[in-house]
>>> print(open('model_10.pdb').read())   # PDB, C-alpha atoms and all ligand atoms
ATOM      1  CA  MET N  27       0.000   0.000   0.000
ATOM      2  CA  GLY N  28       0.985   3.608  -0.319
ATOM      3  CA  LEU N  29      -0.444   7.078  -0.690
ATOM      4  CA  LYS N  30      -2.790   7.430  -3.657
ATOM      5  CA  PHE N  31      -5.048  10.174  -4.945
ATOM      6  CA  GLU N  32      -8.394   8.937  -6.185
ATOM      7  CA  TYR N  33     -11.553  10.623  -7.423
ATOM      8  CA  LEU N  34     -14.313  10.687  -4.826
ATOM      9  CA  ALA N  35     -16.479   9.142  -7.561
ATOM     10  CA  ASP N  36     -14.323   6.010  -7.172
ATOM     11  CA  ARG N  37     -14.338   6.029  -3.352
ATOM     12  CA  VAL N  38     -17.928   6.932  -2.473
ATOM     13  CA  GLU N  39     -17.564   5.221   0.907
ATOM     14  CA  ALA N  40     -15.464   8.260   1.867
ATOM     15  CA  ILE N  41     -18.475  10.613   1.591
ATOM     16  CA  PRO N  42     -19.629  10.335   5.240
ATOM     17  CA  ILE N  43     -16.050  10.694   6.529
ATOM     18  CA  ILE N  44     -15.365  13.800   4.460
ATOM     19  CA  SER N  45     -18.806  15.269   5.270
ATOM     20  CA  LYS N  46     -18.037  15.002   8.963
ATOM     21  CA  TRP N  47     -14.575  16.568   8.515
ATOM     22  CA  TYR N  48     -16.039  19.503   6.601
ATOM     23  CA  TYR N  49     -18.943  19.945   8.996
ATOM     24  CA  ASP N  50     -16.711  19.913  12.071
ATOM     25  CA  GLU N  51     -14.204  22.312  10.482
ATOM     26  CA  TRP N  52     -16.418  24.761   8.603
ATOM     27  CA  GLY N  53     -20.035  23.901   9.498
ATOM     28  CA  HIS N  54     -20.304  26.733  12.016
ATOM     29  CA  LEU N  55     -19.624  29.394   9.372
ATOM     30  CA  PRO N  56     -22.552  31.197   7.759
ATOM     31  CA  PRO N  57     -23.130  30.557   4.042
ATOM     32  CA  GLU N  58     -20.546  32.348   1.949
ATOM     33  CA  ASN N  59     -23.113  34.052  -0.247
ATOM     34  CA  ALA N  60     -26.331  35.516   1.044
ATOM     35  CA  SER N  61     -28.080  33.865  -1.888
ATOM     36  CA  ASP N  62     -26.846  30.383  -0.915
ATOM     37  CA  GLY N  63     -29.633  28.233   0.428
ATOM     38  CA  GLU N  64     -28.851  24.613   1.044
ATOM     39  CA  PRO N  65     -25.268  23.689   1.944
ATOM     40  CA  GLU N  66     -23.238  22.084  -0.822
ATOM     41  CA  ARG N  67     -23.595  18.329  -1.145
ATOM     42  CA  LEU N  68     -20.585  16.104  -1.690
ATOM     43  CA  GLU N  69     -22.714  14.161  -4.164
ATOM     44  CA  ASP N  70     -22.245  17.139  -6.498
ATOM     45  CA  TYR N  71     -18.523  16.300  -6.646
ATOM     46  CA  LEU N  72     -18.764  12.771  -8.054
ATOM     47  CA  ASN N  73     -17.200  13.689 -11.396
ATOM     48  CA  HIS N  74     -14.089  12.562 -13.248
ATOM     49  CA  ASP N  75     -14.165  14.509 -16.482
ATOM     50  CA  VAL N  76     -15.696  17.799 -15.439
ATOM     51  CA  ILE N  77     -15.436  20.274 -12.590
ATOM     52  CA  PRO N  78     -16.423  20.049  -9.719
ATOM     53  CA  PHE N  79     -14.631  17.023  -8.362
ATOM     54  CA  ILE N  80     -12.947  15.937  -5.146
ATOM     55  CA  LEU N  81      -9.681  14.054  -4.939
ATOM     56  CA  VAL N  82      -9.312  11.774  -1.940
ATOM     57  CA  ALA N  83      -5.943  10.861  -0.440
ATOM     58  CA  THR N  84      -6.029   7.158   0.403
ATOM     59  CA  ASN N  85      -3.749   4.453   1.682
ATOM     60  CA  GLY N  86      -5.478   1.163   1.049
ATOM     61  CA  ASP N  87      -8.730   1.273   3.005
ATOM     62  CA  GLU N  88      -7.756   4.387   4.898
ATOM     63  CA  ILE N  89      -9.213   7.764   3.883
ATOM     64  CA  MET N  90      -6.520  10.304   4.756
ATOM     65  CA  GLY N  91      -7.566  13.571   3.182
ATOM     66  CA  ALA N  92      -9.506  15.417   0.524
ATOM     67  CA  ALA N  93      -9.506  18.516  -1.649
ATOM     68  CA  ALA N  94     -11.848  19.900  -4.304
ATOM     69  CA  LEU N  95     -11.553  21.621  -7.652
ATOM     70  CA  LYS N  96     -14.735  23.654  -7.851
ATOM     71  CA  PHE N  97     -16.507  26.750  -9.143
ATOM     72  CA  HIS N  98     -16.958  30.087  -7.388
ATOM     73  CA  GLU N  99     -16.064  30.439  -3.775
ATOM     74  CA  MET N 100     -16.522  34.029  -2.518
ATOM     75  CA  ALA N 101     -18.755  34.649  -5.527
ATOM     76  CA  GLU N 102     -20.156  37.959  -4.289
ATOM     77  CA  MET N 103     -16.709  39.431  -3.699
ATOM     78  CA  PHE N 104     -14.971  37.882  -6.706
ATOM     79  CA  PRO N 105     -17.653  37.023  -9.287
ATOM     80  CA  GLU N 106     -15.081  36.929 -12.097
ATOM     81  CA  LYS N 107     -12.957  34.269 -10.384
ATOM     82  CA  GLU N 108     -14.286  31.002 -11.711
ATOM     83  CA  HIS N 109     -12.071  28.164 -10.502
ATOM     84  CA  TRP N 110     -11.168  27.425  -6.905
ATOM     85  CA  LEU N 111      -9.239  24.906  -4.877
ATOM     86  CA  GLY N 112     -11.292  24.254  -1.739
ATOM     87  CA  GLY N 113     -11.970  21.820   1.062
ATOM     88  CA  VAL N 114      -8.309  20.973   1.612
ATOM     89  CA  TYR N 115      -8.355  18.662   4.619
ATOM     90  CA  ILE N 116      -6.032  16.022   6.052
ATOM     91  CA  ALA N 117      -7.123  13.686   8.875
ATOM     92  CA  ALA N 118      -5.802  14.974  12.201
ATOM     93  CA  ASN N 119      -3.585  11.946  12.810
ATOM     94  CA  GLN N 120      -1.921  12.298   9.389
ATOM     95  CA  ARG N 121      -0.916  15.951   9.464
ATOM     96  CA  GLY N 122       2.586  17.366   9.200
ATOM     97  CA  ARG N 123       3.814  14.743   6.720
ATOM     98  CA  GLY N 124       3.446  16.734   3.523
ATOM     99  CA  TYR N 125       0.210  15.051   2.424
ATOM    100  CA  ALA N 126      -1.731  18.301   1.943
ATOM    101  CA  SER N 127       1.136  19.702  -0.117
ATOM    102  CA  LEU N 128       1.103  16.621  -2.370
ATOM    103  CA  LEU N 129      -2.682  16.745  -2.730
ATOM    104  CA  VAL N 130      -2.686  20.461  -3.569
ATOM    105  CA  GLU N 131       0.109  19.963  -6.092
ATOM    106  CA  THR N 132      -1.755  17.057  -7.699
ATOM    107  CA  ILE N 133      -4.871  19.196  -8.189
ATOM    108  CA  ALA N 134      -2.791  22.110  -9.494
ATOM    109  CA  ASN N 135      -1.152  19.787 -12.035
ATOM    110  CA  LEU N 136      -4.545  18.442 -13.140
ATOM    111  CA  ALA N 137      -6.264  21.841 -13.334
ATOM    112  CA  PRO N 138      -4.998  22.908 -16.792
ATOM    113  CA  THR N 139      -6.273  19.645 -18.277
ATOM    114  CA  TYR N 140      -9.773  20.795 -17.205
ATOM    115  CA  GLY N 141      -9.293  24.121 -18.980
ATOM    116  CA  VAL N 142      -8.355  26.082 -15.861
ATOM    117  CA  ARG N 143      -6.124  29.104 -16.572
ATOM    118  CA  THR N 144      -6.088  30.549 -13.049
ATOM    119  CA  LEU N 145      -6.918  28.742  -9.827
ATOM    120  CA  HIS N 146      -7.833  30.553  -6.600
ATOM    121  CA  LEU N 147      -8.059  29.616  -2.953
ATOM    122  CA  GLN N 148      -8.710  31.218   0.409
ATOM    123  CA  THR N 149      -6.783  30.454   3.553
ATOM    124  CA  GLN N 150      -6.749  31.706   7.124
ATOM    125  CA  SER N 151      -2.991  31.280   7.048
ATOM    126  CA  LEU N 152      -2.234  34.905   6.220
ATOM    127  CA  ASP N 153       1.362  34.172   5.209
ATOM    128  CA  GLY N 154       0.067  31.638   2.673
ATOM    129  CA  GLY N 155       1.387  28.653   4.654
ATOM    130  CA  LEU N 156       1.923  25.568   2.532
ATOM    131  CA  TYR N 157       0.441  27.260  -0.555
ATOM    132  CA  ALA N 158       3.096  29.983  -0.582
ATOM    133  CA  ARG N 159       5.743  27.273  -0.472
ATOM    134  CA  LEU N 160       4.122  25.663  -3.529
ATOM    135  CA  GLY N 161       4.279  28.879  -5.555
ATOM    136  CA  TRP N 162       0.766  30.313  -5.007
ATOM    137  CA  LYS N 163       0.761  34.128  -5.000
ATOM    138  CA  PRO N 164      -1.207  36.362  -2.615
ATOM    139  CA  TYR N 165      -4.016  38.224  -4.385
ATOM    140  CA  ALA N 166      -5.931  40.002  -1.604
ATOM    141  CA  GLN N 167      -6.527  39.904   2.112
ATOM    142  CA  VAL N 168     -10.205  40.342   2.963
ATOM    143  CA  ILE N 169     -12.712  39.697   5.721
ATOM    144  CA  SER N 170     -15.095  36.950   4.712
ATOM    145  CA  ARG N 171     -17.780  35.594   7.037
ATOM    146  CA  GLY N 172     -16.142  37.561   9.865
ATOM    147  CA  VAL N 173     -12.763  35.907   9.322
ATOM    148  CA  ASN N 174      -9.577  37.431   7.941
ATOM    149  CA  VAL N 175      -8.537  35.382   4.914
ATOM    150  CA  LEU N 176      -5.839  35.549   2.291
ATOM    151  CA  VAL N 177      -6.996  34.922  -1.283
ATOM    152  CA  MET N 178      -4.248  33.382  -3.387
ATOM    153  CA  GLU N 179      -3.920  32.448  -7.033
ATOM    154  CA  ARG N 180      -1.931  30.199  -9.266
ATOM    155  CA  ARG N 181      -1.716  30.789 -13.019
ATOM    156  CA  PHE N 182      -1.038  28.132 -15.603
TER     157      PHE N 182
HETATM  158  C1  LIG W   1      -4.055  22.613   6.694
HETATM  159  C2  LIG W   1      -3.878  21.095   6.534
HETATM  160  C3  LIG W   1      -4.635  20.646   5.304
HETATM  161  C4  LIG W   1      -2.388  20.806   6.360
HETATM  162  O1  LIG W   1      -2.222  19.412   6.137
HETATM  163  P1  LIG W   1      -0.769  18.713   6.269
HETATM  164  O2  LIG W   1      -0.805  17.425   5.557
HETATM  165  O3  LIG W   1      -0.356  18.731   7.681
HETATM  166  O4  LIG W   1       0.111  19.774   5.433
HETATM  167  P2  LIG W   1       1.635  19.619   4.988
HETATM  168  O5  LIG W   1       2.298  18.597   5.845
HETATM  169  O6  LIG W   1       1.685  19.458   3.512
HETATM  170  O7  LIG W   1       2.162  21.065   5.334
HETATM  171  C5  LIG W   1       2.193  21.500   6.693
HETATM  172  C6  LIG W   1       2.112  22.993   6.681
HETATM  173  O8  LIG W   1       0.783  23.428   6.446
HETATM  174  C7  LIG W   1       0.734  24.775   6.858
HETATM  175  N1  LIG W   1      -0.631  25.092   7.211
HETATM  176  C8  LIG W   1      -1.346  24.758   8.314
HETATM  177  N2  LIG W   1      -2.602  25.266   8.213
HETATM  178  C9  LIG W   1      -2.657  25.911   7.016
HETATM  179  C10 LIG W   1      -3.667  26.637   6.344
HETATM  180  N3  LIG W   1      -4.903  26.820   6.868
HETATM  181  N4  LIG W   1      -3.379  27.180   5.131
HETATM  182  C11 LIG W   1      -2.156  27.029   4.586
HETATM  183  N5  LIG W   1      -1.157  26.362   5.169
HETATM  184  C12 LIG W   1      -1.413  25.806   6.380
HETATM  185  C13 LIG W   1       1.681  24.970   7.989
HETATM  186  O9  LIG W   1       2.530  26.041   7.569
HETATM  187  C14 LIG W   1       2.453  23.665   8.004
HETATM  188  O10 LIG W   1       3.812  23.962   7.967
HETATM  189  P3  LIG W   1       4.690  23.702   9.266
HETATM  190  O11 LIG W   1       4.701  22.193   9.387
HETATM  191  O12 LIG W   1       5.989  24.293   8.863
HETATM  192  O13 LIG W   1       3.971  24.383  10.367
HETATM  193  C15 LIG W   1      -4.382  20.329   7.803
HETATM  194  O14 LIG W   1      -3.769  20.879   8.935
HETATM  195  C16 LIG W   1      -5.889  20.393   7.972
HETATM  196  O15 LIG W   1      -6.614  19.575   7.401
HETATM  197  N6  LIG W   1      -6.392  21.368   8.771
HETATM  198  C17 LIG W   1      -7.818  21.521   8.973
HETATM  199  C18 LIG W   1      -8.521  22.037   7.713
HETATM  200  C19 LIG W   1      -7.877  23.282   7.143
HETATM  201  O16 LIG W   1      -7.552  24.237   7.847
HETATM  202  N7  LIG W   1      -7.664  23.272   5.809
HETATM  203  C20 LIG W   1      -6.970  24.341   5.098
HETATM  204  C21 LIG W   1      -7.915  25.176   4.390
HETATM  205  S1  LIG W   1      -7.048  26.487   3.486
END
>>> encode(input="model_10.pdb", output="structure tokens")
Amino acid sequence: MGLKFEYLADRVEAIPIISKWYYDEWGHLPPENASDGEPERLEDYLNHDVIPFILVATNGDEIMGAAALKFHEMAEMFPEKEHWLGGVYIAANQRGRGYASLLVETIANLAPTYGVRTLHLQTQSLDGGLYARLGWKPYAQVISRGVNVLVMERRF
């Protein structure tokens, strides 16, 4: 066994695990856009060939992390910014081993094959954390949902 990145569409048993991660981490935040009604469903990410999709970091049966390539985060503030990396999450007992960096880099390498020219993300790590180390550039620092976040971009 070893670390692999698989489409959520091929590991649907990971849906409840990832849902709980996302709920525990971000579920307390208000919807990003006033117009948003229902929260996003992971079932919307079961794609291979089109955006949105989620990549899952696995090691055999173990689900170790996840990240999404998706449309329009912060849509009211940045309506022109179409493609986003989001939902980057590594299981608590697997952190600090470079897995998030590998997952983020894998999605960045895939993005141009989906027609993405510029990818965006938001992070509470105002120095850009792992993303800065991977070559993402700061775009703006803003307050979103009451939290100070750095918006970063990567061009292809
Ligand atoms: C952030 C997270 C994905 C990092 O996973 P990881 O596998 O430990 O990451 P790596 O080992 O590749 O890199 C570790 C680096 O991530 C950086 N980091 C931590 N939180 C970060 C964040 N929110 N944004 C950017 N970088 C972050 C730290 O600088 C750390 O470097 P250090 O070890 O020198 O302190 C993980 O801690 C996590 O799932 N946290 C909860 C969810 C979350 O905050 N996701 C990020 C959304 S932008």
>>> atom_distance(input="model_10.pdb", atom1="atom CA of Ala40 of chain N", atom2="atom CA of Asp70 of chain N")
14.0 Å
>>> closest_residue(input="model_10.pdb", among="N:Val173, N:Ala94, N:Val76, N:Leu136", to="Leu55 of chain N", atoms="only C-alpha atoms")
N:Val173
>>> resolve_selection(input="model_10.pdb", expression="the PyMOL selection byres (((chain N and resi 81) around 8) and not hetatm)", output="PyMOL selection string")
chain N and resi 31-34+79-80+82-83+92-94+129+133
>>> resolve_selection(input="model_10.pdb", expression="the PyMOL selection byres (((chain N and resi 69) around 12) and not hetatm)", output="mmCIF file with C-alpha atoms, in the frame of the given file")
data_model
loop_
_atom_site.group_PDB
_atom_site.id
_atom_site.type_symbol
_atom_site.label_atom_id
_atom_site.label_comp_id
_atom_site.auth_asym_id
_atom_site.auth_seq_id
_atom_site.Cartn_x
_atom_site.Cartn_y
_atom_site.Cartn_z
ATOM 1 C CA LEU N 34 -14.313 10.687 -4.826
ATOM 2 C CA ALA N 35 -16.479 9.142 -7.561
ATOM 3 C CA ARG N 37 -14.338 6.029 -3.352
ATOM 4 C CA VAL N 38 -17.928 6.932 -2.473
ATOM 5 C CA GLU N 39 -17.564 5.221 0.907
ATOM 6 C CA ALA N 40 -15.464 8.260 1.867
ATOM 7 C CA ILE N 41 -18.475 10.613 1.591
ATOM 8 C CA PRO N 42 -19.629 10.335 5.240
ATOM 9 C CA ILE N 44 -15.365 13.800 4.460
ATOM 10 C CA SER N 45 -18.806 15.269 5.270
ATOM 11 C CA PRO N 65 -25.268 23.689 1.944
ATOM 12 C CA GLU N 66 -23.238 22.084 -0.822
ATOM 13 C CA ARG N 67 -23.595 18.329 -1.145
ATOM 14 C CA LEU N 68 -20.585 16.104 -1.690
ATOM 15 C CA ASP N 70 -22.245 17.139 -6.498
ATOM 16 C CA TYR N 71 -18.523 16.300 -6.646
ATOM 17 C CA LEU N 72 -18.764 12.771 -8.054
ATOM 18 C CA ASN N 73 -17.200 13.689 -11.396
ATOM 19 C CA PRO N 78 -16.423 20.049 -9.719
ATOM 20 C CA PHE N 79 -14.631 17.023 -8.362
ATOM 21 C CA ILE N 80 -12.947 15.937 -5.146
#
>>> atom_distance(input="model_10.pdb", atom1="atom C13 of ligand LIG 1 (chain W)", atom2="atom CA of Leu156 of chain N")
5.5 Å
>>> closest_residue(input="model_10.pdb", among="N:Pro57, N:Asp153, N:Met90, N:Phe97", to="Ala126 of chain N", atoms="all atoms listed in the file")
N:Met90
>>> residues_near_ligand(input="model_10.pdb", ligand="ligand LIG 1 (chain W)", cutoff="9 Å", atoms="all atoms listed in the file", output="VMD selection string")
chain N and resid 47 to 48 51 to 52 91 to 93 111 to 118 120 to 130 147 to 159
>>> atom_distance(input="model_10.pdb", atom1="atom CA of Gln167 of chain N", atom2="atom CA of Thr139 of chain N")
28.7 Å
>>> resolve_selection(input="model_10.pdb", expression="the PyMOL selection byres (((chain N and resi 101) around 12) and not hetatm)", output="ChimeraX atom specification")
/N:57-62,96-100,102-110,146,170
>>> closest_residue(input="model_10.pdb", among="N:Arg171, N:Ile89, N:Arg181, N:Lys163", to="Ala134 of chain N", atoms="only C-alpha atoms")
N:Arg181
>>> closest_residue(input="model_10.pdb", among="N:Met178, N:Ile43, N:Ala137, N:Ala166", to="Ile77 of chain N", atoms="all atoms listed in the file")
N:Ala137
>>> closest_residue(input="model_10.pdb", among="N:Glu179, N:Trp162, N:His74, N:Asn174", to="Leu145 of chain N", atoms="all atoms listed in the file")
N:Glu179
>>> closest_residue(input="model_10.pdb", among="N:Leu176, N:Leu95, N:Ile169, N:Asp36", to="Val142 of chain N", atoms="all atoms listed in the file")
N:Leu95
